[in-house]
file structure-v8.cif (mmCIF, C-alpha atoms)
data_work
loop_
_atom_site.group_PDB
_atom_site.id
_atom_site.type_symbol
_atom_site.label_atom_id
_atom_site.label_comp_id
_atom_site.auth_asym_id
_atom_site.auth_seq_id
_atom_site.Cartn_x
_atom_site.Cartn_y
_atom_site.Cartn_z
ATOM 1 C CA MET A 1 76.354 82.162 112.389
ATOM 2 C CA ARG A 2 76.151 82.500 108.636
ATOM 3 C CA PHE A 3 79.334 80.563 107.786
ATOM 4 C CA ALA A 4 80.393 77.001 108.557
ATOM 5 C CA ALA A 5 83.308 76.508 110.940
ATOM 6 C CA PRO A 6 86.734 75.812 109.394
ATOM 7 C CA GLY A 7 87.642 72.148 108.914
ATOM 8 C CA SER A 8 91.115 70.625 108.574
ATOM 9 C CA THR A 9 94.032 72.605 107.146
ATOM 10 C CA GLU A 10 93.668 70.607 103.928
ATOM 11 C CA GLU A 11 89.975 71.490 103.672
ATOM 12 C CA VAL A 12 90.563 75.184 104.450
ATOM 13 C CA GLU A 13 93.423 75.547 101.964
ATOM 14 C CA GLU A 14 92.369 73.270 99.123
ATOM 15 C CA GLY A 15 88.592 73.082 99.458
ATOM 16 C CA LEU A 16 85.860 75.116 97.784
ATOM 17 C CA ALA A 17 83.836 75.809 100.937
ATOM 18 C CA LEU A 18 83.993 79.348 102.336
ATOM 19 C CA THR A 19 84.787 78.817 106.029
ATOM 20 C CA PRO A 20 86.322 82.104 107.202
ATOM 21 C CA LYS A 21 88.685 82.026 110.151
ATOM 22 C CA PHE A 22 87.463 84.975 112.204
ATOM 23 C CA ASP A 23 89.911 86.267 114.830
ATOM 24 C CA ARG A 24 89.110 86.549 118.521
ATOM 25 C CA ASP A 25 87.172 89.738 117.818
ATOM 26 C CA GLY A 26 85.136 87.943 115.143
ATOM 27 C CA LEU A 27 86.845 89.731 112.235
ATOM 28 C CA VAL A 28 88.701 88.991 109.016
ATOM 29 C CA THR A 29 91.034 91.495 107.339
ATOM 30 C CA CYS A 30 89.806 92.973 104.058
ATOM 31 C CA VAL A 31 92.189 94.463 101.493
ATOM 32 C CA VAL A 32 90.457 96.786 99.036
ATOM 33 C CA THR A 33 92.044 97.535 95.674
ATOM 34 C CA ASP A 34 90.895 99.773 92.848
ATOM 35 C CA ALA A 35 89.503 97.578 90.051
ATOM 36 C CA GLY A 36 90.586 100.227 87.551
ATOM 37 C CA ALA A 37 93.934 101.678 88.619
ATOM 38 C CA GLY A 38 94.884 98.619 90.631
ATOM 39 C CA GLY A 39 96.411 100.176 93.757
ATOM 40 C CA VAL A 40 95.407 99.514 97.349
ATOM 41 C CA LEU A 41 92.642 101.875 98.441
ATOM 42 C CA MET A 42 92.244 100.805 102.060
ATOM 43 C CA VAL A 43 92.464 97.991 104.590
ATOM 44 C CA ALA A 44 89.395 97.325 106.718
ATOM 45 C CA HIS A 45 87.753 94.566 108.725
ATOM 46 C CA MET A 46 84.626 92.493 108.231
ATOM 47 C CA ASN A 47 82.660 90.500 110.758
ATOM 48 C CA ALA A 48 80.454 87.638 109.576
ATOM 49 C CA GLU A 49 77.515 89.943 108.939
ATOM 50 C CA ALA A 50 79.581 92.452 106.932
ATOM 51 C CA LEU A 51 81.109 89.645 104.876
ATOM 52 C CA ALA A 52 77.721 88.053 104.167
ATOM 53 C CA ARG A 53 76.131 91.376 103.228
ATOM 54 C CA THR A 54 79.032 92.209 100.900
ATOM 55 C CA ILE A 55 78.772 88.845 99.153
ATOM 56 C CA GLU A 56 75.002 88.995 98.769
ATOM 57 C CA SER A 57 74.652 92.664 97.818
ATOM 58 C CA GLY A 58 77.867 93.354 95.889
ATOM 59 C CA GLU A 59 78.297 96.531 97.956
ATOM 60 C CA ALA A 60 81.174 96.762 100.449
ATOM 61 C CA TRP A 61 80.169 96.468 104.105
ATOM 62 C CA TYR A 62 82.681 96.642 106.940
ATOM 63 C CA TYR A 63 82.858 96.458 110.700
ATOM 64 C CA SER A 64 84.349 99.513 112.398
ATOM 65 C CA ARG A 65 86.490 98.531 115.363
ATOM 66 C CA SER A 66 86.688 102.129 116.601
ATOM 67 C CA ARG A 67 82.940 102.714 116.410
ATOM 68 C CA GLY A 68 81.948 99.142 117.245
ATOM 69 C CA LYS A 69 79.415 98.930 114.433
ATOM 70 C CA LEU A 70 78.593 97.495 111.037
ATOM 71 C CA TRP A 71 78.665 100.049 108.240
ATOM 72 C CA ARG A 72 78.092 100.193 104.536
ATOM 73 C CA LYS A 73 80.938 102.037 102.832
ATOM 74 C CA GLY A 74 79.517 105.331 101.638
ATOM 75 C CA GLU A 75 76.555 105.479 104.011
ATOM 76 C CA SER A 76 77.895 108.780 105.392
ATOM 77 C CA SER A 77 80.020 110.035 102.514
ATOM 78 C CA GLY A 78 78.162 108.709 99.482
ATOM 79 C CA HIS A 79 81.489 107.183 98.431
ATOM 80 C CA SER A 80 80.330 103.581 98.183
ATOM 81 C CA GLN A 81 82.221 100.657 96.679
ATOM 82 C CA ARG A 82 80.843 98.175 94.142
ATOM 83 C CA VAL A 83 82.597 94.829 94.377
ATOM 84 C CA VAL A 84 83.924 93.556 91.049
ATOM 85 C CA GLU A 85 85.647 90.490 92.493
ATOM 86 C CA MET A 86 86.249 88.948 95.905
ATOM 87 C CA ARG A 87 89.009 86.482 96.747
ATOM 88 C CA ILE A 88 89.816 84.594 99.945
ATOM 89 C CA ASP A 89 93.334 83.654 100.994
ATOM 90 C CA CYS A 90 94.859 80.261 101.744
ATOM 91 C CA ASP A 91 93.994 80.123 105.441
ATOM 92 C CA GLN A 92 90.733 82.056 104.971
ATOM 93 C CA ASP A 93 91.482 84.849 107.421
ATOM 94 C CA ALA A 94 91.850 87.591 104.802
ATOM 95 C CA VAL A 95 89.650 88.761 101.955
ATOM 96 C CA TRP A 96 90.689 90.796 98.934
ATOM 97 C CA ILE A 97 88.060 92.799 97.068
ATOM 98 C CA ARG A 98 88.547 94.672 93.825
ATOM 99 C CA VAL A 99 86.074 97.538 93.766
ATOM 100 C CA GLU A 100 84.742 100.337 91.645
ATOM 101 C CA GLN A 101 85.059 103.302 93.973
ATOM 102 C CA VAL A 102 81.979 105.514 93.658
ATOM 103 C CA GLY A 103 82.628 109.190 94.306
ATOM 104 C CA ALA A 104 85.900 110.898 95.036
ATOM 105 C CA GLY A 105 87.737 108.697 97.434
ATOM 106 C CA ALA A 106 87.995 105.781 99.815
ATOM 107 C CA CYS A 107 89.871 107.580 102.604
ATOM 108 C CA HIS A 108 88.112 109.538 105.313
ATOM 109 C CA THR A 109 90.851 112.207 105.047
ATOM 110 C CA GLY A 110 89.513 113.165 101.612
ATOM 111 C CA ARG A 111 92.005 111.269 99.506
ATOM 112 C CA ARG A 112 91.508 108.598 96.873
ATOM 113 C CA SER A 113 93.513 105.989 98.835
ATOM 114 C CA CYS A 114 94.468 105.688 102.492
ATOM 115 C CA PHE A 115 98.045 104.962 101.392
ATOM 116 C CA TYR A 116 99.153 108.496 100.506
ATOM 117 C CA ARG A 117 102.578 108.423 102.177
ATOM 118 C CA ALA A 118 105.632 106.365 101.229
ATOM 119 C CA VAL A 119 108.128 105.026 103.745
ATOM 120 C CA PRO A 120 111.639 105.379 102.259
ATOM 121 C CA ILE A 121 113.516 102.070 102.078
ATOM 122 C CA GLY A 122 117.175 101.497 102.812
ATOM 123 C CA GLY A 123 117.895 104.125 105.456
ATOM 124 C CA ARG A 124 117.876 104.075 109.226
ATOM 125 C CA VAL A 125 114.463 104.023 110.876
ATOM 126 C CA ALA A 126 115.600 106.716 113.289
ATOM 127 C CA ASP A 127 116.210 109.173 110.446
ATOM 128 C CA LEU A 128 113.273 108.622 108.151
ATOM 129 C CA ALA A 129 110.561 111.026 107.034
ATOM 130 C CA LEU A 130 107.447 109.909 105.163
ATOM 131 C CA GLU A 131 107.080 111.139 101.577
ATOM 132 C CA PRO A 132 103.703 112.301 100.241
ATOM 133 C CA ARG A 133 102.376 110.299 97.260
ATOM 134 C CA GLU A 134 99.242 111.088 95.258
ATOM 135 C CA GLY A 135 97.964 112.813 98.366
ATOM 136 C CA GLU A 136 95.678 115.333 96.743
ATOM 137 C CA LYS A 137 92.526 115.926 98.764
ATOM 138 C CA LEU A 138 89.606 115.248 96.453
ATOM 139 C CA PHE A 139 86.892 116.168 98.913
ATOM 140 C CA ASP A 140 86.581 118.097 102.140
ATOM 141 C CA PRO A 141 86.075 115.596 104.952
ATOM 142 C CA LYS A 142 84.394 118.214 107.153
ATOM 143 C CA ALA A 143 81.824 118.914 104.449
ATOM 144 C CA VAL A 144 81.205 115.200 103.863
ATOM 145 C CA TYR A 145 81.311 113.793 107.389
ATOM 146 C CA GLY A 146 80.607 116.813 109.550
ATOM 147 C CA GLU A 147 83.144 117.173 112.334
ATOM 148 C CA PRO A 148 86.542 115.466 112.061
ATOM 149 C CA LYS A 149 86.860 111.796 112.962
ATOM 150 C CA LYS A 150 88.628 111.196 116.248
ATOM 151 C CA MET B 1 111.120 100.477 120.955
ATOM 152 C CA ARG B 2 112.324 101.563 117.539
ATOM 153 C CA PHE B 3 109.397 103.828 116.632
ATOM 154 C CA ALA B 4 107.976 106.890 118.354
ATOM 155 C CA ALA B 5 104.501 106.621 119.866
ATOM 156 C CA PRO B 6 101.600 108.020 117.827
ATOM 157 C CA GLY B 7 100.651 111.647 118.521
ATOM 158 C CA SER B 8 97.321 113.354 117.831
ATOM 159 C CA THR B 9 94.997 112.205 115.049
ATOM 160 C CA GLU B 10 96.128 115.234 113.029
ATOM 161 C CA GLU B 11 99.792 114.310 113.467
ATOM 162 C CA VAL B 12 99.213 110.640 112.641
ATOM 163 C CA GLU B 13 97.145 111.366 109.517
ATOM 164 C CA GLU B 14 98.810 114.474 108.115
ATOM 165 C CA GLY B 15 102.346 114.339 109.502
ATOM 166 C CA LEU B 16 105.529 112.915 108.009
ATOM 167 C CA ALA B 17 106.670 110.997 111.101
ATOM 168 C CA LEU B 18 106.328 107.218 110.985
ATOM 169 C CA THR B 19 104.537 106.384 114.249
ATOM 170 C CA PRO B 20 102.919 102.973 113.667
ATOM 171 C CA LYS B 21 99.843 102.083 115.670
ATOM 172 C CA PHE B 22 100.619 98.520 116.740
ATOM 173 C CA ASP B 23 97.631 96.486 117.944
ATOM 174 C CA ARG B 24 97.405 94.809 121.345
ATOM 175 C CA ASP B 25 99.629 92.016 120.043
ATOM 176 C CA GLY B 26 102.216 94.541 118.879
ATOM 177 C CA LEU B 27 101.461 94.073 115.173
ATOM 178 C CA VAL B 28 100.506 96.040 112.092
ATOM 179 C CA THR B 29 98.854 94.465 109.040
ATOM 180 C CA CYS B 30 100.991 94.242 105.909
ATOM 181 C CA VAL B 31 99.482 93.929 102.424
ATOM 182 C CA VAL B 32 101.926 92.593 99.860
ATOM 183 C CA THR B 33 101.355 93.231 96.162
ATOM 184 C CA ASP B 34 103.343 92.142 93.128
ATOM 185 C CA ALA B 35 105.326 95.133 91.813
ATOM 186 C CA GLY B 36 105.084 93.655 88.337
ATOM 187 C CA ALA B 37 101.675 92.073 87.829
ATOM 188 C CA GLY B 38 100.032 94.228 90.499
ATOM 189 C CA GLY B 39 97.826 91.696 92.307
ATOM 190 C CA VAL B 40 97.771 90.948 96.016
ATOM 191 C CA LEU B 41 100.260 88.202 96.853
ATOM 192 C CA MET B 42 99.603 87.841 100.576
ATOM 193 C CA VAL B 43 98.572 89.528 103.811
ATOM 194 C CA ALA B 44 100.915 89.204 106.771
ATOM 195 C CA HIS B 45 101.804 90.943 110.015
ATOM 196 C CA MET B 46 104.831 92.878 111.196
ATOM 197 C CA ASN B 47 105.928 93.686 114.703
ATOM 198 C CA ALA B 48 108.223 96.659 115.307
ATOM 199 C CA GLU B 49 111.340 94.609 114.685
ATOM 200 C CA ALA B 50 110.027 93.130 111.414
ATOM 201 C CA LEU B 51 108.956 96.573 110.212
ATOM 202 C CA ALA B 52 112.317 98.129 111.084
ATOM 203 C CA ARG B 53 114.282 95.317 109.436
ATOM 204 C CA THR B 54 112.156 95.552 106.289
ATOM 205 C CA ILE B 55 112.700 99.306 106.051
ATOM 206 C CA GLU B 56 116.438 99.134 106.680
ATOM 207 C CA SER B 57 117.234 96.049 104.567
ATOM 208 C CA GLY B 58 114.702 96.289 101.727
ATOM 209 C CA GLU B 59 113.898 92.594 102.263
ATOM 210 C CA ALA B 60 110.465 91.607 103.619
ATOM 211 C CA TRP B 61 110.434 90.481 107.258
ATOM 212 C CA TYR B 62 107.265 89.404 109.036
ATOM 213 C CA TYR B 63 106.066 88.192 112.395
ATOM 214 C CA SER B 64 104.342 84.813 112.391
ATOM 215 C CA ARG B 65 101.434 84.724 114.820
ATOM 216 C CA SER B 66 101.101 80.940 114.531
ATOM 217 C CA ARG B 67 104.797 80.285 115.159
ATOM 218 C CA GLY B 68 105.330 83.254 117.477
ATOM 219 C CA LYS B 69 108.509 84.355 115.729
ATOM 220 C CA LEU B 70 110.138 86.884 113.469
ATOM 221 C CA TRP B 71 110.971 85.544 110.018
ATOM 222 C CA ARG B 72 112.516 86.753 106.815
ATOM 223 C CA LYS B 73 110.349 85.833 103.858
ATOM 224 C CA GLY B 74 112.190 83.130 101.958
ATOM 225 C CA GLU B 75 114.407 81.964 104.811
ATOM 226 C CA SER B 76 112.939 78.447 104.458
ATOM 227 C CA SER B 77 111.724 78.460 100.861
ATOM 228 C CA GLY B 78 114.272 80.716 99.149
ATOM 229 C CA HIS B 79 111.271 82.701 97.884
ATOM 230 C CA SER B 80 112.258 86.074 99.312
ATOM 231 C CA GLN B 81 110.690 89.459 98.549
ATOM 232 C CA ARG B 82 112.571 92.618 97.593
ATOM 233 C CA VAL B 83 110.648 95.739 98.560
ATOM 234 C CA VAL B 84 110.205 98.207 95.711
ATOM 235 C CA GLU B 85 108.000 100.607 97.664
ATOM 236 C CA MET B 86 106.403 100.808 101.098
ATOM 237 C CA ARG B 87 103.391 102.912 102.025
ATOM 238 C CA ILE B 88 101.652 103.529 105.345
ATOM 239 C CA ASP B 89 97.932 104.193 105.679
ATOM 240 C CA CYS B 90 96.078 107.147 107.182
ATOM 241 C CA ASP B 91 95.910 105.858 110.762
ATOM 242 C CA GLN B 92 99.268 104.074 110.509
ATOM 243 C CA ASP B 93 98.048 100.614 111.448
ATOM 244 C CA ALA B 94 98.531 99.065 108.004
ATOM 245 C CA VAL B 95 101.496 98.921 105.642
ATOM 246 C CA TRP B 96 101.419 98.196 101.908
ATOM 247 C CA ILE B 97 104.556 96.904 100.235
ATOM 248 C CA ARG B 98 105.076 96.379 96.516
ATOM 249 C CA VAL B 99 107.614 93.623 96.080
ATOM 250 C CA GLU B 100 109.611 91.731 93.525
ATOM 251 C CA GLN B 101 108.841 88.132 94.399
ATOM 252 C CA VAL B 102 111.997 86.039 94.141
ATOM 253 C CA GLY B 103 111.376 82.414 93.178
ATOM 254 C CA ALA B 104 108.148 80.744 92.294
ATOM 255 C CA GLY B 105 105.607 81.985 94.758
ATOM 256 C CA ALA B 106 104.569 83.816 97.875
ATOM 257 C CA CYS B 107 102.099 81.231 99.182
ATOM 258 C CA HIS B 108 103.161 78.302 101.350
ATOM 259 C CA THR B 109 100.738 76.086 99.384
ATOM 260 C CA GLY B 110 102.999 76.388 96.328
ATOM 261 C CA ARG B 111 101.078 79.059 94.492
ATOM 262 C CA ARG B 112 102.127 82.495 93.274
ATOM 263 C CA SER B 113 99.537 84.299 95.449
ATOM 264 C CA CYS B 114 97.606 83.268 98.552
ATOM 265 C CA PHE B 115 94.425 84.543 96.879
ATOM 266 C CA TYR B 116 93.778 81.649 94.478
ATOM 267 C CA ARG B 117 90.036 81.278 95.069
ATOM 268 C CA ALA B 118 87.248 83.702 94.160
ATOM 269 C CA VAL B 119 84.091 84.155 96.207
ATOM 270 C CA PRO B 120 81.137 84.568 93.813
ATOM 271 C CA ILE B 121 79.214 87.799 94.372
ATOM 272 C CA GLY B 122 75.459 88.265 94.259
ATOM 273 C CA GLY B 123 74.201 84.888 95.439
ATOM 274 C CA ARG B 124 73.182 83.521 98.799
ATOM 275 C CA VAL B 125 76.000 82.779 101.217
ATOM 276 C CA ALA B 126 74.405 79.442 102.073
ATOM 277 C CA ASP B 127 74.713 78.253 98.461
ATOM 278 C CA LEU B 128 78.141 79.462 97.416
ATOM 279 C CA ALA B 129 81.183 77.498 96.258
ATOM 280 C CA LEU B 130 84.615 79.066 95.853
ATOM 281 C CA GLU B 131 86.002 79.237 92.321
ATOM 282 C CA PRO B 132 89.673 78.462 91.602
ATOM 283 C CA ARG B 133 91.663 81.337 90.066
ATOM 284 C CA GLU B 134 95.252 81.185 88.850
ATOM 285 C CA GLY B 135 95.745 78.386 91.311
ATOM 286 C CA GLU B 136 98.514 76.499 89.546
ATOM 287 C CA LYS B 137 101.034 75.042 91.973
ATOM 288 C CA LEU B 138 104.436 76.379 90.962
ATOM 289 C CA PHE B 139 106.414 74.470 93.536
ATOM 290 C CA ASP B 140 105.962 71.467 95.785
ATOM 291 C CA PRO B 141 105.552 72.719 99.345
ATOM 292 C CA LYS B 142 106.717 69.393 100.793
ATOM 293 C CA ALA B 143 109.965 69.615 98.830
ATOM 294 C CA VAL B 144 110.507 73.245 99.824
ATOM 295 C CA TYR B 145 109.382 73.249 103.467
ATOM 296 C CA GLY B 146 109.663 69.584 104.450
ATOM 297 C CA GLU B 147 106.524 68.330 106.114
ATOM 298 C CA PRO B 148 103.230 70.191 105.598
ATOM 299 C CA LYS B 149 102.498 73.286 107.678
ATOM 300 C CA LYS B 150 99.864 72.700 110.338
#
call {"tool": "encode", "arguments": {"input": "structure-v8.cif", "output": "structure tokens"}}
result
Amino acid sequence: MRFAAPGSTEEVEEGLALTPKFDRDGLVTCVVTDAGAGGVLMVAHMNAEALARTIESGEAWYYSRSRGKLWRKGESSGHSQRVVEMRIDCDQDAVWIRVEQVGAGACHTGRRSCFYRAVPIGGRVADLALEPREGEKLFDPKAVYGEPKK
Amino acid sequence: MRFAAPGSTEEVEEGLALTPKFDRDGLVTCVVTDAGAGGVLMVAHMNAEALARTIESGEAWYYSRSRGKLWRKGESSGHSQRVVEMRIDCDQDAVWIRVEQVGAGACHTGRRSCFYRAVPIGGRVADLALEPREGEKLFDPKAVYGEPKK
């Protein structure tokens, strides 16, 4: 293991040692925001190896739960992410990285951000319809990834 | 259940129906950013009930994994969150809300944001020390919550 185990709540919350609290699948949540525009690009997961590689290389590495493998963002698409800053949260089970997104977009659907639909607030859940937001497709996922992701 | 089950990948990613993909604990990840300053305040989880209440009321509701209960943000501290916008991601397992944070802070440690420590990039994991960032305590958690959270 590349990280020390978490200590007391006081140590985890107030200390300066990085002791990530990996979940039962060995993952922490990673929020990725655009260092320029500021919005959320994507939410992904990191295992210990992905977290260590990201810290040491400055390139974003993740762990794909659906594919069961470590991956460097952009290894298929060319759309890599350079980490400008990384932060850890109070209980050390979530990481926030601000990145420079290389290439057109972070989302495998071809969009800049994965968050391209708004959920209207204030109405009944039963009646709602999502509203497209900044959903322009900047690249063709079939051309970049080959066949569609399942 | 208050939400329809997810359909095909095409429907989930390109459709306008909100069909959240809850994990095996019945949760989606929720990223909370400050509608004003723009940074990430916290990462939390919502079950179907928390998500529905947030959408219908415009106040942030979460599900606490550690306490095993639904809670309205601010019910103990008074530091509630008014939702300015909600977005859902491509595969509908993560929600992003932009909020107006009422009261001093989002973090139970007394700080504005849970992300008050930076992880230096580019060095060896074995050698790193976290760096405090905007970590001023804006309220006294003991005065707000009573005894410290475990």
call {"tool": "atom_distance", "arguments": {"input": "structure-v8.cif", "atom1": "CA of Val32 in chain A", "atom2": "CA of Thr109 in chain A"}}
result
16.6 Å
call {"tool": "interface_residues", "arguments": {"input": "structure-v8.cif", "of": "chain B", "to": "chain A", "cutoff": "6 Å", "atoms": "only C-alpha atoms", "output": "list in words"}}
result
Leu16, Ala17, Ile55, Glu56, Ser57, Gly58, Met86, Arg87, Ile88, Asp89, Cys90, Cys114, Phe115, Arg117, Ala118, Val119, Ile121, Gly122, Gly123, Arg124, Ala129 and Leu130 of chain B
call {"tool": "closest_residue", "arguments": {"input": "structure-v8.cif", "among": "A:Phe22, A:Tyr145, A:Phe139, A:Trp71", "to": "Ala48 in chain A", "atoms": "only C-alpha atoms"}}
result
A:Phe22
call {"tool": "atom_distance", "arguments": {"input": "structure-v8.cif", "atom1": "CA of Ala50 in chain B", "atom2": "CA of Gly110 in chain B"}}
result
23.6 Å
call {"tool": "residues_around", "arguments": {"input": "structure-v8.cif", "residues": "Asp25 in chain B", "least_positions_apart": "3", "cutoff": "12 Å", "atoms": "only C-alpha atoms", "output": "number ranges by chain"}}
result
A: 24; B: 21-22, 28-29, 45-48, 63-65, 68
call {"tool": "atom_distance", "arguments": {"input": "structure-v8.cif", "atom1": "CA of Trp61 in chain B", "atom2": "CA of Gly36 in chain B"}}
result
19.9 Å
call {"tool": "closest_residue", "arguments": {"input": "structure-v8.cif", "among": "B:Lys142, B:Leu27, B:Ser76, B:Gln81", "to": "Glu100 in chain B", "atoms": "only C-alpha atoms"}}
result
B:Gln81
call {"tool": "axis_aligned_box", "arguments": {"input": "structure-v8.cif", "around": "range 75-84 of chain B", "padding_each_side": "3 Å", "output": "JSON"}}
result
{"center_x": 112.3, "center_y": 88.3, "center_z": 100.3, "size_x": 10.2, "size_y": 25.8, "size_z": 15.1}
call {"tool": "decode", "arguments": {"input": "structure-v8.cif", "residues": "range 76-149 of chain A", "atoms": "C-alpha atoms", "output": "short mmCIF file (atom, residue, chain, number, x, y, z; two decimals), in the first residue's frame"}}
result
data_model
loop_
_atom_site.label_atom_id
_atom_site.label_comp_id
_atom_site.auth_asym_id
_atom_site.auth_seq_id
_atom_site.Cartn_x
_atom_site.Cartn_y
_atom_site.Cartn_z
CA SER A 76 -7.79 6.36 -25.67
CA SER A 77 -9.10 9.78 -26.63
CA GLY A 78 -6.00 11.96 -26.37
CA HIS A 79 -8.07 14.20 -24.09
CA SER A 80 -5.78 14.10 -21.08
CA GLN A 81 -5.97 16.27 -17.97
CA ARG A 82 -3.08 18.19 -16.41
CA VAL A 83 -3.60 18.70 -12.69
CA VAL A 84 -3.22 22.32 -11.58
CA GLU A 85 -4.22 21.69 -7.96
CA MET A 86 -5.39 18.78 -5.84
CA ARG A 87 -7.29 19.07 -2.56
CA ILE A 88 -8.46 16.44 -0.08
CA ASP A 89 -11.61 16.78 2.01
CA CYS A 90 -12.08 16.74 5.77
CA ASP A 91 -12.52 12.98 6.18
CA GLN A 92 -10.13 12.17 3.32
CA ASP A 93 -12.54 10.10 1.26
CA ALA A 94 -12.89 12.59 -1.60
CA VAL A 95 -10.37 14.40 -3.77
CA TRP A 96 -10.94 17.54 -5.82
CA ILE A 97 -8.65 18.26 -8.76
CA ARG A 98 -8.60 21.40 -10.85
CA VAL A 99 -7.35 20.47 -14.30
CA GLU A 100 -6.38 21.88 -17.65
CA GLN A 101 -8.43 19.75 -20.01
CA VAL A 102 -6.34 18.86 -23.06
CA GLY A 103 -8.35 18.40 -26.25
CA ALA A 104 -12.04 18.87 -26.77
CA GLY A 105 -13.74 17.37 -23.80
CA ALA A 106 -13.81 15.33 -20.63
CA CYS A 107 -17.00 13.38 -21.37
CA HIS A 108 -17.01 10.16 -23.35
CA THR A 109 -20.22 11.34 -25.09
CA GLY A 110 -18.19 14.02 -26.89
CA ARG A 111 -19.05 16.94 -24.66
CA ARG A 112 -16.84 19.28 -22.67
CA SER A 113 -18.41 18.26 -19.32
CA CYS A 114 -20.39 15.22 -18.23
CA PHE A 115 -22.93 17.57 -16.63
CA TYR A 116 -24.77 18.71 -19.77
CA ARG A 117 -28.33 18.41 -18.43
CA ALA A 118 -30.02 20.47 -15.72
CA VAL A 119 -32.63 19.08 -13.35
CA PRO A 120 -35.34 21.74 -12.85
CA ILE A 121 -35.84 22.68 -9.19
CA GLY A 122 -39.12 23.36 -7.45
CA GLY A 123 -41.52 21.09 -9.34
CA ARG A 124 -42.76 17.58 -8.75
CA VAL A 125 -40.29 14.80 -9.48
CA ALA A 126 -43.00 12.90 -11.33
CA ASP A 127 -43.39 15.70 -13.88
CA LEU A 128 -39.84 16.77 -14.57
CA ALA A 129 -37.87 16.75 -17.81
CA LEU A 130 -34.12 17.38 -17.95
CA GLU A 131 -33.00 20.55 -19.74
CA PRO A 132 -29.95 20.52 -22.04
CA ARG A 133 -27.11 22.86 -20.98
CA GLU A 134 -23.94 23.55 -22.94
CA GLY A 135 -24.43 20.15 -24.50
CA GLU A 136 -22.70 20.75 -27.80
CA LYS A 137 -20.80 17.70 -29.00
CA LEU A 138 -17.22 18.80 -29.57
CA PHE A 139 -15.97 15.49 -30.89
CA ASP A 140 -17.42 12.32 -32.34
CA PRO A 141 -17.10 9.59 -29.72
CA LYS A 142 -17.22 6.86 -32.37
CA ALA A 143 -14.28 8.41 -34.19
CA VAL A 144 -12.31 8.83 -30.96
CA TYR A 145 -13.13 5.62 -29.09
CA GLY A 146 -14.23 3.28 -31.83
CA GLU A 147 -17.53 1.61 -31.02
CA PRO A 148 -19.87 3.15 -28.43
CA LYS A 149 -19.24 2.53 -24.74
#
